[in-house]
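Shown below: query_21.txt, with compact mmCIF, C-alpha atoms.
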# COMPACT_ATOMS: atom_id res chain seq x y z
CA MET A 285 -58.80 -47.52 -2.44
CA ALA A 286 -58.39 -48.47 -6.11
CA GLN A 287 -59.57 -51.96 -6.99
CA ARG A 288 -60.04 -53.97 -10.13
CA ILE A 289 -61.35 -57.52 -10.99
CA SER A 290 -58.93 -59.68 -12.89
CA GLY A 291 -59.06 -63.31 -13.87
CA THR A 292 -56.25 -65.67 -13.13
CA PRO A 293 -55.52 -68.97 -14.81
CA GLY A 294 -56.98 -71.93 -12.95
CA THR A 295 -58.74 -75.23 -13.28
CA LEU A 296 -62.06 -75.53 -14.95
CA GLY A 297 -64.89 -74.33 -12.80
CA GLU A 298 -62.69 -71.90 -10.76
CA THR A 299 -63.78 -68.24 -10.75
CA ALA A 300 -61.37 -65.19 -10.85
CA GLU A 301 -60.88 -63.39 -7.56
CA PRO A 302 -60.68 -59.55 -7.44
CA LYS A 303 -57.11 -58.09 -6.96
CA GLU A 304 -56.52 -54.97 -4.81
CA LEU A 305 -54.35 -52.27 -6.43
CA ALA A 306 -51.63 -50.33 -4.58
CA ALA A 307 -52.96 -47.13 -3.03
CA THR A 308 -49.83 -45.04 -3.87
CA ALA A 309 -47.14 -45.15 -6.50
CA ALA A 310 -44.58 -46.09 -3.86
CA GLU A 311 -46.54 -49.24 -3.03
CA THR A 312 -46.58 -50.60 -6.61
CA THR A 313 -44.49 -53.66 -7.42
CA ALA A 314 -43.72 -55.76 -10.46
CA GLU A 315 -46.35 -58.23 -9.29
CA ASN A 316 -48.92 -55.52 -8.50
CA PRO A 317 -48.49 -52.65 -10.98
CA TRP A 318 -50.81 -49.76 -11.83
CA PRO A 319 -52.54 -49.73 -15.17
CA LEU A 320 -51.40 -46.86 -17.42
CA SER A 321 -54.82 -45.28 -17.36
CA LEU A 322 -54.72 -45.01 -13.59
CA LEU A 323 -51.33 -43.26 -13.68
CA SER A 324 -52.52 -40.86 -16.37
CA SER A 325 -55.70 -40.02 -14.51
CA LYS A 326 -53.80 -39.42 -11.26
CA MET A 327 -51.28 -37.14 -13.07
CA LYS A 328 -54.09 -35.16 -14.69
CA SER A 329 -55.89 -34.86 -11.38
CA TYR A 330 -52.72 -33.57 -9.69
CA ILE A 331 -51.84 -31.16 -12.51
CA ASP A 332 -55.40 -29.82 -12.69
CA ARG A 333 -55.14 -28.85 -9.03
CA MET A 334 -52.02 -26.74 -9.72
CA SER A 335 -52.54 -22.98 -9.73
CA SER A 336 -51.76 -20.85 -12.72
CA VAL A 337 -48.45 -18.92 -12.50
CA TRP A 338 -47.10 -15.70 -13.95
CA ILE A 339 -43.68 -16.06 -15.55
CA GLU A 340 -41.28 -13.74 -17.36
CA GLY A 341 -39.32 -14.61 -20.46
CA GLN A 342 -38.35 -13.74 -23.99
CA VAL A 343 -40.09 -15.01 -27.12
CA VAL A 344 -37.56 -16.92 -29.23
CA GLU A 345 -39.97 -18.85 -31.53
CA LEU A 346 -43.53 -18.03 -32.66
CA ASN A 347 -45.72 -20.17 -34.98
CA HIS A 348 -49.38 -19.60 -35.85
CA ARG A 349 -51.56 -22.63 -36.64
CA GLY A 350 -55.19 -21.74 -37.14
CA LYS A 351 -56.85 -20.79 -33.87
CA ALA A 352 -53.79 -21.76 -31.80
CA SER A 353 -50.29 -20.34 -31.74
CA TYR A 354 -47.20 -22.02 -30.38
CA LEU A 355 -44.32 -20.06 -28.96
CA THR A 356 -41.16 -20.82 -27.04
CA LEU A 357 -40.27 -18.69 -24.02
CA ARG A 358 -36.64 -18.53 -22.91
CA ASP A 359 -35.38 -17.37 -19.54
CA THR A 360 -33.68 -13.97 -19.76
CA ASP A 361 -30.78 -15.06 -17.53
CA VAL A 362 -30.03 -18.74 -18.07
CA GLU A 363 -30.25 -21.23 -20.92
CA MET A 364 -33.72 -22.63 -20.23
CA SER A 365 -36.82 -22.59 -22.43
CA LEU A 366 -40.43 -23.73 -22.27
CA PRO A 367 -42.97 -24.39 -25.10
CA VAL A 368 -46.29 -22.61 -24.62
CA GLN A 369 -49.65 -22.89 -26.40
CA ILE A 370 -51.86 -19.84 -26.69
CA TRP A 371 -55.25 -19.45 -28.29
CA LYS A 372 -55.73 -16.79 -30.97
CA ASN A 373 -58.30 -14.81 -28.95
CA VAL A 374 -55.86 -14.58 -26.01
CA LEU A 375 -53.04 -13.50 -28.31
CA ASP A 376 -55.21 -10.83 -29.89
CA ARG A 377 -55.79 -9.18 -26.50
CA THR A 378 -52.12 -8.18 -26.23
CA GLY A 379 -52.73 -5.21 -28.52
CA ALA A 380 -49.28 -4.86 -30.10
CA PRO A 381 -48.30 -7.98 -32.01
CA LEU A 382 -45.71 -10.24 -30.42
CA THR A 383 -42.51 -10.93 -32.33
CA GLU A 384 -39.47 -13.03 -31.72
CA GLY A 385 -37.29 -11.26 -29.17
CA SER A 386 -40.24 -9.66 -27.34
CA HIS A 387 -39.92 -9.48 -23.55
CA VAL A 388 -43.20 -10.75 -22.04
CA VAL A 389 -44.91 -11.90 -18.88
CA ALA A 390 -47.47 -14.70 -19.24
CA ASN A 391 -50.01 -16.43 -17.04
CA LEU A 392 -49.55 -20.16 -17.61
CA LYS A 393 -51.60 -23.18 -16.57
CA ALA A 394 -50.38 -26.75 -17.01
CA ASP A 395 -52.64 -29.10 -18.98
CA PHE A 396 -52.09 -32.85 -19.24
CA TRP A 397 -53.59 -34.89 -22.11
CA THR A 398 -54.26 -38.38 -20.82
CA LYS A 399 -54.66 -40.00 -24.24
CA THR A 400 -51.22 -39.00 -25.47
CA GLY A 401 -49.49 -38.37 -22.14
CA ARG A 402 -48.45 -34.91 -23.32
CA LEU A 403 -47.96 -31.99 -20.88
CA THR A 404 -48.84 -28.63 -22.35
CA MET A 405 -48.36 -25.16 -20.86
CA ARG A 406 -51.37 -23.06 -21.86
CA ALA A 407 -51.21 -19.28 -21.75
CA ASN A 408 -54.35 -17.73 -20.28
CA ASP A 409 -52.91 -14.22 -20.61
CA ILE A 410 -49.77 -12.71 -22.08
CA ARG A 411 -48.46 -9.15 -21.93
CA ALA A 412 -45.50 -7.41 -23.43
CA VAL A 413 -43.23 -5.81 -20.80
CA GLY A 414 -43.23 -2.07 -21.45
CA LEU A 415 -40.26 0.26 -21.14
CA GLY A 416 -41.70 1.93 -18.07
CA GLU A 417 -42.09 -1.35 -16.25
CA LEU A 418 -38.54 -2.40 -17.15
CA LEU A 419 -37.20 0.88 -15.84
CA ALA A 420 -39.15 0.48 -12.61
CA ARG A 421 -37.76 -3.04 -12.12
CA LEU A 422 -34.23 -1.89 -12.77
CA GLU A 423 -34.64 0.99 -10.34
CA ARG A 424 -35.87 -1.36 -7.63
CA LEU A 425 -32.95 -3.69 -8.26
CA LYS A 426 -30.51 -0.80 -8.20
CA LYS A 427 -31.84 0.40 -4.84
CA GLN A 428 -31.63 -3.12 -3.44
CA LEU A 429 -28.03 -3.61 -4.55
CA GLY A 430 -27.10 -0.13 -3.37
CA ALA A 431 -28.55 -0.86 0.07
CA GLU A 432 -26.36 -3.97 0.22
CA GLY A 433 -23.30 -1.80 -0.38
CA LEU A 434 -22.34 -3.18 -3.80
CA PHE A 435 -21.88 0.35 -5.16
CA ASP A 436 -19.72 1.56 -2.26
CA PRO A 437 -16.61 3.35 -3.64
CA ASN A 438 -14.51 1.69 -0.94
CA ARG A 439 -15.24 -1.71 -2.52
CA LYS A 440 -13.85 -0.69 -5.90
CA LEU A 441 -10.40 -1.95 -6.84
CA ARG A 442 -7.70 0.37 -8.17
CA LEU A 443 -6.71 -0.23 -11.79
CA PRO A 444 -3.00 -0.99 -12.34
CA PHE A 445 -0.95 1.79 -13.91
CA LEU A 446 0.28 -0.52 -16.65
CA PRO A 447 -1.53 -3.88 -16.88
CA ASN A 448 0.55 -6.90 -17.84
CA ARG A 449 -2.31 -8.50 -19.77
CA ILE A 450 -5.82 -7.20 -20.48
CA GLY A 451 -8.87 -9.46 -20.48
CA LEU A 452 -11.56 -8.37 -22.96
CA ILE A 453 -15.10 -9.78 -22.99
CA THR A 454 -17.10 -8.68 -26.03
CA GLY A 455 -19.01 -9.85 -29.08
CA ARG A 456 -17.20 -11.67 -31.86
CA ASP A 457 -15.74 -9.29 -34.48
CA SER A 458 -17.66 -6.45 -32.86
CA ASP A 459 -16.85 -2.76 -33.30
CA ALA A 460 -16.38 -2.57 -29.54
CA GLN A 461 -13.59 -5.17 -29.69
CA LYS A 462 -11.87 -3.34 -32.56
CA ASP A 463 -12.19 0.04 -30.82
CA VAL A 464 -10.71 -1.20 -27.55
CA ILE A 465 -7.77 -3.06 -29.12
CA ARG A 466 -6.97 -0.33 -31.65
CA ASN A 467 -7.04 2.54 -29.17
CA VAL A 468 -5.11 0.61 -26.53
CA HIS A 469 -2.34 -0.18 -29.04
CA LEU A 470 -2.29 3.45 -30.18
CA ARG A 471 -1.65 4.50 -26.60
CA TRP A 472 0.59 1.59 -25.56
CA PRO A 473 1.79 -0.61 -28.46
CA ALA A 474 3.19 -3.34 -26.19
CA ALA A 475 -0.16 -4.06 -24.52
CA GLU A 476 -1.32 -7.70 -24.63
CA PHE A 477 -4.91 -8.97 -24.75
CA GLU A 478 -6.81 -12.11 -23.78
CA VAL A 479 -10.02 -11.77 -25.83
CA ARG A 480 -13.11 -13.81 -24.96
CA ASN A 481 -16.06 -13.61 -27.37
CA CYS A 482 -19.64 -14.37 -26.40
CA ALA A 483 -23.16 -13.12 -26.98
CA VAL A 484 -23.65 -9.61 -25.61
CA GLN A 485 -27.43 -9.46 -25.96
CA GLY A 486 -30.26 -11.90 -25.66
CA PRO A 487 -30.69 -14.81 -23.27
CA ASP A 488 -27.21 -16.21 -23.94
CA ALA A 489 -25.46 -13.00 -22.92
CA VAL A 490 -25.57 -13.35 -19.13
CA PRO A 491 -24.26 -16.95 -18.87
CA GLY A 492 -21.65 -16.27 -21.55
CA VAL A 493 -20.30 -13.13 -19.89
CA MET A 494 -20.31 -14.73 -16.43
CA LYS A 495 -18.43 -17.80 -17.70
CA ASN A 496 -15.72 -15.71 -19.36
CA LEU A 497 -15.52 -13.39 -16.36
CA ALA A 498 -14.89 -16.33 -14.02
CA GLU A 499 -12.16 -17.74 -16.30
CA LEU A 500 -10.35 -14.42 -16.69
CA ASP A 501 -10.65 -13.61 -12.99
CA ALA A 502 -8.97 -16.93 -12.17
CA ASP A 503 -6.05 -16.24 -14.55
CA PRO A 504 -3.17 -14.68 -12.53
CA GLN A 505 -1.72 -13.05 -15.68
CA ILE A 506 -4.84 -10.92 -16.19
CA ASP A 507 -4.50 -7.56 -14.44
CA VAL A 508 -7.72 -5.91 -15.62
CA ILE A 509 -10.93 -7.12 -17.31
CA VAL A 510 -12.94 -5.03 -19.77
CA ILE A 511 -16.58 -5.88 -20.54
CA ALA A 512 -17.48 -4.01 -23.72
CA ARG A 513 -20.23 -3.75 -26.29
CA GLY A 514 -21.55 -1.02 -28.58
CA GLY A 515 -24.75 0.92 -28.16
CA GLY A 516 -28.24 -0.49 -28.52
CA SER A 517 -31.77 -0.31 -27.27
CA MET A 518 -32.56 -0.68 -23.63
CA GLU A 519 -33.76 -4.23 -24.25
CA ASP A 520 -30.44 -5.05 -25.91
CA LEU A 521 -28.54 -3.81 -22.87
CA LEU A 522 -30.72 -5.57 -20.28
CA PRO A 523 -28.23 -8.44 -19.73
CA PHE A 524 -25.80 -5.91 -18.23
CA SER A 525 -28.36 -5.03 -15.57
CA ASN A 526 -28.88 -8.67 -14.64
CA GLU A 527 -28.58 -9.25 -10.89
CA ALA A 528 -26.50 -12.42 -11.20
CA LEU A 529 -24.00 -10.75 -13.53
CA VAL A 530 -23.81 -7.65 -11.35
CA ARG A 531 -23.06 -9.74 -8.27
CA ALA A 532 -20.42 -11.74 -10.16
CA VAL A 533 -18.64 -8.52 -11.15
CA SER A 534 -18.83 -7.26 -7.56
CA ALA A 535 -17.21 -10.48 -6.29
CA ALA A 536 -14.40 -10.48 -8.88
CA GLN A 537 -10.85 -10.18 -7.49
CA THR A 538 -9.56 -8.55 -10.69
CA PRO A 539 -10.47 -4.92 -11.47
CA VAL A 540 -13.36 -4.75 -13.95
CA VAL A 541 -14.03 -1.92 -16.41
CA SER A 542 -17.56 -1.52 -17.76
CA ALA A 543 -17.70 -0.13 -21.32
CA ILE A 544 -21.31 -0.67 -22.36
CA GLY A 545 -23.03 1.40 -25.03
CA HIS A 546 -22.71 5.16 -25.20
CA GLU A 547 -22.48 7.97 -22.66
CA ALA A 548 -26.23 8.02 -22.08
CA ASP A 549 -26.44 4.26 -21.46
CA ARG A 550 -26.15 3.42 -17.78
CA PRO A 551 -26.75 -0.29 -17.06
CA ILE A 552 -26.36 -1.39 -13.46
CA LEU A 553 -23.03 -2.96 -14.40
CA ASP A 554 -21.63 0.58 -14.62
CA GLU A 555 -22.44 1.17 -10.96
CA VAL A 556 -20.77 -1.96 -9.60
CA ALA A 557 -17.72 -2.05 -11.90
CA ASP A 558 -14.42 -0.76 -10.53
CA MET A 559 -14.24 1.72 -13.42
CA ARG A 560 -17.02 2.99 -15.66
CA ALA A 561 -16.09 3.99 -19.21
CA SER A 562 -18.62 5.92 -21.29
CA THR A 563 -17.66 4.04 -24.48
CA PRO A 564 -15.26 1.23 -25.50
CA THR A 565 -12.90 3.93 -26.82
CA ASP A 566 -13.00 5.67 -23.44
CA ALA A 567 -12.17 2.34 -21.77
CA ALA A 568 -8.97 2.12 -23.83
CA LYS A 569 -7.92 5.54 -22.53
CA ARG A 570 -8.53 4.51 -18.95
CA ILE A 571 -6.78 1.13 -18.78
CA VAL A 572 -3.39 2.04 -20.29
CA PRO A 573 -1.33 5.25 -20.24
CA ASP A 574 -0.41 7.16 -23.40
CA VAL A 575 3.21 6.32 -24.23
CA ALA A 576 3.79 9.74 -25.85
CA GLU A 577 2.22 11.54 -22.91
CA GLU A 578 4.20 9.46 -20.44
CA GLY A 579 7.37 10.27 -22.40
CA MET A 580 6.58 13.98 -22.08
CA ASN A 581 5.76 13.50 -18.41
CA LEU A 582 9.10 11.76 -17.94
CA LEU A 583 10.97 14.60 -19.65
CA ARG A 584 9.06 17.15 -17.61
CA ALA A 585 9.73 15.23 -14.41
CA ARG A 586 13.44 15.01 -15.24
CA ALA A 587 13.52 18.75 -15.95
CA GLU A 588 11.77 19.47 -12.66
CA LEU A 589 14.15 17.12 -10.87
CA ASP A 590 17.17 18.80 -12.45
CA ALA A 591 15.80 22.21 -11.49
CA ALA A 592 15.17 21.06 -7.93
CA VAL A 593 18.69 19.60 -7.65
CA ASN A 594 20.18 22.80 -9.08
CA ARG A 595 18.23 24.90 -6.60
CA ILE A 596 19.51 22.77 -3.76
CA LEU A 597 23.08 23.02 -5.07
CA ASP A 598 22.79 26.81 -5.50
CA ARG A 599 21.40 27.19 -2.00
CA GLU A 600 24.12 25.02 -0.53
CA GLN A 601 26.76 26.90 -2.55
CA GLU A 602 25.47 30.20 -1.19
CA MET A 603 25.58 28.85 2.34
CA LEU A 604 29.09 27.50 1.78
CA THR A 605 30.24 30.85 0.35
CA ALA A 606 28.75 32.67 3.32
CA VAL A 607 30.52 30.33 5.72
CA ARG A 608 33.82 30.61 3.85
CA SER A 609 33.56 34.42 3.84
CA ARG A 610 33.67 34.53 7.63
CA PRO A 611 37.03 35.79 8.96
CA VAL A 612 37.76 32.57 10.76
CA LEU A 613 37.67 30.67 7.43
CA ALA A 614 38.69 33.45 5.03
CA GLU A 615 41.95 34.03 7.05
CA PRO A 616 42.20 31.16 9.49
CA GLN A 617 45.74 32.25 10.52
CA THR A 618 44.23 35.36 12.11
CA MET A 619 42.98 33.36 15.06
CA ILE A 620 46.37 31.68 15.43
CA THR A 621 48.21 34.98 15.03
CA ALA A 622 46.08 36.64 17.72
CA HIS A 623 46.81 33.81 20.14
CA GLU A 624 50.46 33.85 19.11
CA ASN A 625 50.71 37.60 19.82
CA GLU A 626 48.95 37.12 23.12
CA LEU A 627 51.30 34.25 24.00
CA THR A 628 54.34 36.34 22.99
CA MET A 629 53.16 39.22 25.15
CA ILE A 630 52.55 36.87 28.07
CA ARG A 631 56.01 35.35 27.61
CA ARG A 632 57.53 38.85 27.45
CA ARG A 633 55.75 39.87 30.61
CA SER A 634 56.75 36.65 32.27
CA LEU A 635 60.40 37.16 31.33
CA GLN A 636 60.27 40.76 32.50
CA ALA A 637 58.70 39.76 35.77
CA THR A 638 61.19 36.93 36.19
CA ASN A 639 64.14 39.20 35.39
CA GLY A 640 62.81 41.77 37.82
CA LEU A 641 62.53 39.15 40.53
CA LEU A 642 66.03 37.87 39.72
CA ILE A 643 67.52 41.36 39.84
CA GLN A 644 65.71 42.04 43.07
CA ALA A 645 66.94 38.76 44.50
CA GLN A 646 70.49 39.46 43.29
CA ASN A 647 70.42 42.88 44.90
CA GLU A 648 69.11 41.40 48.10
CA ILE A 649 71.78 38.71 47.97
CA GLN A 650 74.44 41.35 47.36
CA HIS A 651 73.17 43.36 50.27
CA LEU A 652 73.11 40.33 52.52
CA ARG A 653 76.54 39.37 51.26
CA SER A 654 77.85 42.84 52.16
CA GLN A 655 76.29 42.55 55.57
CA ALA A 656 77.71 39.07 56.01
CA ARG A 657 81.14 40.20 54.89
CA SER A 658 81.06 43.17 57.22
CA LEU A 659 80.39 40.81 60.09
CA SER A 660 82.77 38.12 58.89
CA PRO A 661 85.96 37.38 60.92
CA LEU A 662 87.89 37.84 57.68
CA ARG A 663 87.19 41.57 57.91
CA THR A 664 88.80 41.52 61.34
CA LEU A 665 91.74 39.57 60.01
CA GLU A 666 92.20 42.09 57.20
CA ARG A 667 92.68 44.73 59.89
CA GLY A 668 95.74 42.84 61.17
CA TYR A 669 94.11 40.46 63.60
CA ALA A 670 94.76 36.70 63.58
CA VAL A 671 92.93 33.61 64.77
CA VAL A 672 94.96 31.26 66.90
CA GLN A 673 93.86 27.61 67.16
CA THR A 674 95.12 24.67 69.07
CA ASP A 675 95.80 21.30 67.51
CA GLU A 676 92.24 20.38 68.33
CA GLY A 677 90.97 23.33 66.31
CA GLN A 678 89.81 25.30 69.31
CA ALA A 679 90.24 29.05 69.06
CA VAL A 680 92.54 30.43 71.75
CA ARG A 681 90.75 33.25 73.51
CA ASN A 682 92.73 33.26 76.72
CA ALA A 683 96.51 33.01 77.13
CA ALA A 684 95.89 30.68 79.99
CA GLU A 685 94.60 28.10 77.53
CA VAL A 686 98.11 27.44 76.18
CA ALA A 687 101.50 26.94 77.67
CA ALA A 688 105.09 27.60 76.63
CA GLY A 689 106.22 24.98 74.22
CA ASP A 690 102.77 24.39 72.70
CA THR A 691 102.37 24.69 68.98
CA VAL A 692 99.48 26.77 67.75
CA HIS A 693 98.05 27.41 64.33
CA VAL A 694 97.69 31.00 63.32
CA ARG A 695 95.33 32.19 60.55
CA VAL A 696 95.68 35.64 59.13
CA ALA A 697 93.85 37.48 56.36
CA ARG A 698 96.12 35.98 53.69
CA GLY A 699 96.97 32.48 54.74
CA ARG A 700 97.96 30.62 57.85
CA PHE A 701 101.11 29.46 59.70
CA ASP A 702 102.19 27.55 62.84
CA ALA A 703 103.99 29.02 65.83
CA ASP A 704 105.60 27.63 68.93
CA ILE A 705 104.76 29.37 72.22
CA THR A 706 107.83 30.45 74.08
CA GLU A 707 106.14 32.45 76.78
CA VAL A 708 102.66 32.91 78.17
CA THR A 709 101.60 36.14 79.84
CA PRO A 710 98.16 35.93 81.43
CA GLU A 711 95.99 38.98 81.12
CA ALA A 712 95.08 41.05 84.15
CA ASP A 713 91.89 40.49 86.11
CA ASP A 714 88.78 40.89 83.90
CA SER A 715 87.17 42.99 86.59
CA THR A 716 89.66 45.77 85.89
CA THR A 717 88.31 48.18 83.29
CA ASP A 718 89.47 51.42 81.82
CA ASP A 719 87.49 54.49 82.55

Kindly transcribe the structure held in the file into structure tokens.
Amino acid sequence: MAQRISGTPGTLGETAEPKELAATAAETTAENPWPLSLLSSKMKSYIDRMSSVWIEGQVVELNHRGKASYLTLRDTDVEMSLPVQIWKNVLDRTGAPLTEGSHVVANLKADFWTKTGRLTMRANDIRAVGLGELLARLERLKKQLGAEGLFDPNRKLRLPFLPNRIGLITGRDSDAQKDVIRNVHLRWPAAEFEVRNCAVQGPDAVPGVMKNLAELDADPQIDVIVIARGGGSMEDLLPFSNEALVRAVSAAQTPVVSAIGHEADRPILDEVADMRASTPTDAAKRIVPDVAEEGMNLLRARAELDAAVNRILDREQEMLTAVRSRPVLAEPQTMITAHENELTMIRRRSLQATNGLLIQAQNEIQHLRSQARSLSPLRTLERGYAVVQTDEGQAVRNAAEVAAGDTVHVRVARGRFDADITEVTPEADDSTTDD
């Protein structure tokens, strides 16, 4: 427990009593504060117990002052820096001299100066990151992202055939910007751009590109985003293999085209982008169609369409001609004429049959009429016989049926007359017959 003896004002003859200090910083008060020396000693004690740590960064400032050198390390991904002190003998062990822009890893240990209250990061070792080590790191990162499925072709978005507005992220007044805009306008003069300039190498590249990517991705008028820069060393292109940037491109809702460096340059951004262009000029060819080529394609398509329509018309005409050449359509009256002839023949046969039946019936009637006439009483009358009837119309068959004075009606073959009976002579007995 920290203690100190302090005097307090009092009456003459009174002695100062010792005052107990707070054990922790949280227990200090305005009435019972820590002395500055105690705070400094506690901070130094705590910092001295900290382990050394290896960090990675980029040298952005380097100053030599006698046996000590002072450099500033900046994070390769975000805008953060840290001043570092390094002794000359440690710096000499690196072999190749460090320069501003060098990519390094350093073993740092915090050192606190109690007299001035200054915290210093001291480098116990520092090493330049070689190309082989960078390649190994990038390969490990690529395998990790590939295992997560970020490079899956099914995740890639299809580029629009004709984008309404093109977002372009590139360096200010860079050749890449000029190449993309010039070649896009050569292919499609009406194309519109939303250009965002930022650093495309160094520690400011990753945050700058990610910021512009987020803004363009949120703009509903942007149909495709191109991230472009010219060629450079592998160290210059490292920002486009940054894990945070790669994941941001993978999560973008707008199709992204990667146009970084030359054909041989393959940053990880190329793998995750929806379209990889070998150069900024190649990107221009991929994001918009060629108006002249599309005009030729349109003419060719129209010619093919005309030819297809003509083939269909010719085929249908041939089918129509074949149908029309059939007898039923070439001479449609033939079918009617055949049925008309058949109907005429049937009518003729019907009339002939009917006439035959009529003649037969007439002959039969004539025969029956002859038979009837031969049996008719008129035939008997024509032979001189007469039919005698009483007033009641009864035929007189027996003389006994009438008497003298009766009037009878007599019918002969040609007319009729009445007669008065003057005498009746009965016929002899019916049983008497002539031999």

- Query: Out of A:Val368, A:Val696, A:Val493, A:Val680, which residue has the shortest atom-to-atom distance to Thr664 of chain A when counting all atoms listed in the file?
  - Reply: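 Closest to Thr664 of chain A of all the choices is A:Val696.
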
- Task: Quote the spacing between atom CA of Val533 of chain A and atom CA of Leu441 of chain A in Å to one decimal place.
- Result: 11.4 Å

- Task: Using atom CA of Leu497 of chain A and atom CA of His387 of chain A as the two end points, give the distance in Å to one decimal.
- Result: 25.7 Å

- Note on the structure: If you count only C-alpha atoms, the residue of A:Glu519, A:Glu578, A:Glu363, A:Asp436 closest to Val490 of chain A turns out to be A:Glu363

- Length of the atom CA of Thr360 of chain A to atom CA of Ile509 of chain A vector [Å]: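 Interatomic distance, atom CA of Thr360 of chain A to atom CA of Ile509 of chain A: 23.9 Å.
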
Output segment 486-498 of chain A as a PDB file, in the frame of the given file, making sure N, CA, C and O atoms are there.
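The resulting out.pdb:
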ATOM      1  N   GLY A 486     -29.444 -10.709 -25.600  1.00  0.00           N
ATOM      2  CA  GLY A 486     -30.260 -11.900 -25.660  1.00  0.00           C
ATOM      3  C   GLY A 486     -30.050 -12.805 -24.464  1.00  0.00           C
ATOM      4  O   GLY A 486     -29.233 -12.531 -23.575  1.00  0.00           O
ATOM      5  N   PRO A 487     -30.736 -13.912 -24.440  1.00  0.00           N
ATOM      6  CA  PRO A 487     -30.690 -14.810 -23.270  1.00  0.00           C
ATOM      7  C   PRO A 487     -29.342 -15.493 -23.071  1.00  0.00           C
ATOM      8  O   PRO A 487     -29.054 -15.973 -21.980  1.00  0.00           O
ATOM      9  N   ASP A 488     -28.511 -15.561 -24.095  1.00  0.00           N
ATOM     10  CA  ASP A 488     -27.210 -16.210 -23.940  1.00  0.00           C
ATOM     11  C   ASP A 488     -26.134 -15.260 -23.402  1.00  0.00           C
ATOM     12  O   ASP A 488     -25.022 -15.697 -23.101  1.00  0.00           O
ATOM     13  N   ALA A 489     -26.478 -13.980 -23.298  1.00  0.00           N
ATOM     14  CA  ALA A 489     -25.460 -13.000 -22.920  1.00  0.00           C
ATOM     15  C   ALA A 489     -24.994 -13.186 -21.478  1.00  0.00           C
ATOM     16  O   ALA A 489     -23.795 -13.230 -21.194  1.00  0.00           O
ATOM     17  N   VAL A 490     -25.942 -13.281 -20.555  1.00  0.00           N
ATOM     18  CA  VAL A 490     -25.570 -13.350 -19.130  1.00  0.00           C
ATOM     19  C   VAL A 490     -24.717 -14.571 -18.821  1.00  0.00           C
ATOM     20  O   VAL A 490     -23.630 -14.442 -18.238  1.00  0.00           O
ATOM     21  N   PRO A 491     -25.133 -15.797 -19.180  1.00  0.00           N
ATOM     22  CA  PRO A 491     -24.260 -16.950 -18.870  1.00  0.00           C
ATOM     23  C   PRO A 491     -22.927 -16.884 -19.596  1.00  0.00           C
ATOM     24  O   PRO A 491     -21.896 -17.304 -19.043  1.00  0.00           O
ATOM     25  N   GLY A 492     -22.911 -16.357 -20.818  1.00  0.00           N
ATOM     26  CA  GLY A 492     -21.650 -16.270 -21.550  1.00  0.00           C
ATOM     27  C   GLY A 492     -20.682 -15.295 -20.899  1.00  0.00           C
ATOM     28  O   GLY A 492     -19.490 -15.593 -20.717  1.00  0.00           O
ATOM     29  N   VAL A 493     -21.168 -14.121 -20.531  1.00  0.00           N
ATOM     30  CA  VAL A 493     -20.300 -13.130 -19.890  1.00  0.00           C
ATOM     31  C   VAL A 493     -19.819 -13.626 -18.539  1.00  0.00           C
ATOM     32  O   VAL A 493     -18.641 -13.475 -18.179  1.00  0.00           O
ATOM     33  N   MET A 494     -20.708 -14.236 -17.758  1.00  0.00           N
ATOM     34  CA  MET A 494     -20.310 -14.730 -16.430  1.00  0.00           C
ATOM     35  C   MET A 494     -19.265 -15.837 -16.541  1.00  0.00           C
ATOM     36  O   MET A 494     -18.318 -15.882 -15.740  1.00  0.00           O
ATOM     37  N   LYS A 495     -19.406 -16.715 -17.513  1.00  0.00           N
ATOM     38  CA  LYS A 495     -18.430 -17.800 -17.700  1.00  0.00           C
ATOM     39  C   LYS A 495     -17.049 -17.222 -18.022  1.00  0.00           C
ATOM     40  O   LYS A 495     -16.030 -17.604 -17.435  1.00  0.00           O
ATOM     41  N   ASN A 496     -17.004 -16.295 -18.982  1.00  0.00           N
ATOM     42  CA  ASN A 496     -15.720 -15.710 -19.360  1.00  0.00           C
ATOM     43  C   ASN A 496     -15.131 -14.855 -18.238  1.00  0.00           C
ATOM     44  O   ASN A 496     -13.910 -14.814 -18.041  1.00  0.00           O
ATOM     45  N   LEU A 497     -15.998 -14.180 -17.496  1.00  0.00           N
ATOM     46  CA  LEU A 497     -15.520 -13.390 -16.360  1.00  0.00           C
ATOM     47  C   LEU A 497     -14.852 -14.279 -15.324  1.00  0.00           C
ATOM     48  O   LEU A 497     -13.776 -13.950 -14.797  1.00  0.00           O
ATOM     49  N   ALA A 498     -15.466 -15.412 -15.017  1.00  0.00           N
ATOM     50  CA  ALA A 498     -14.890 -16.330 -14.020  1.00  0.00           C
ATOM     51  C   ALA A 498     -13.541 -16.865 -14.490  1.00  0.00           C
ATOM     52  O   ALA A 498     -12.587 -16.977 -13.699  1.00  0.00           O
TER      53      ALA A 498
END
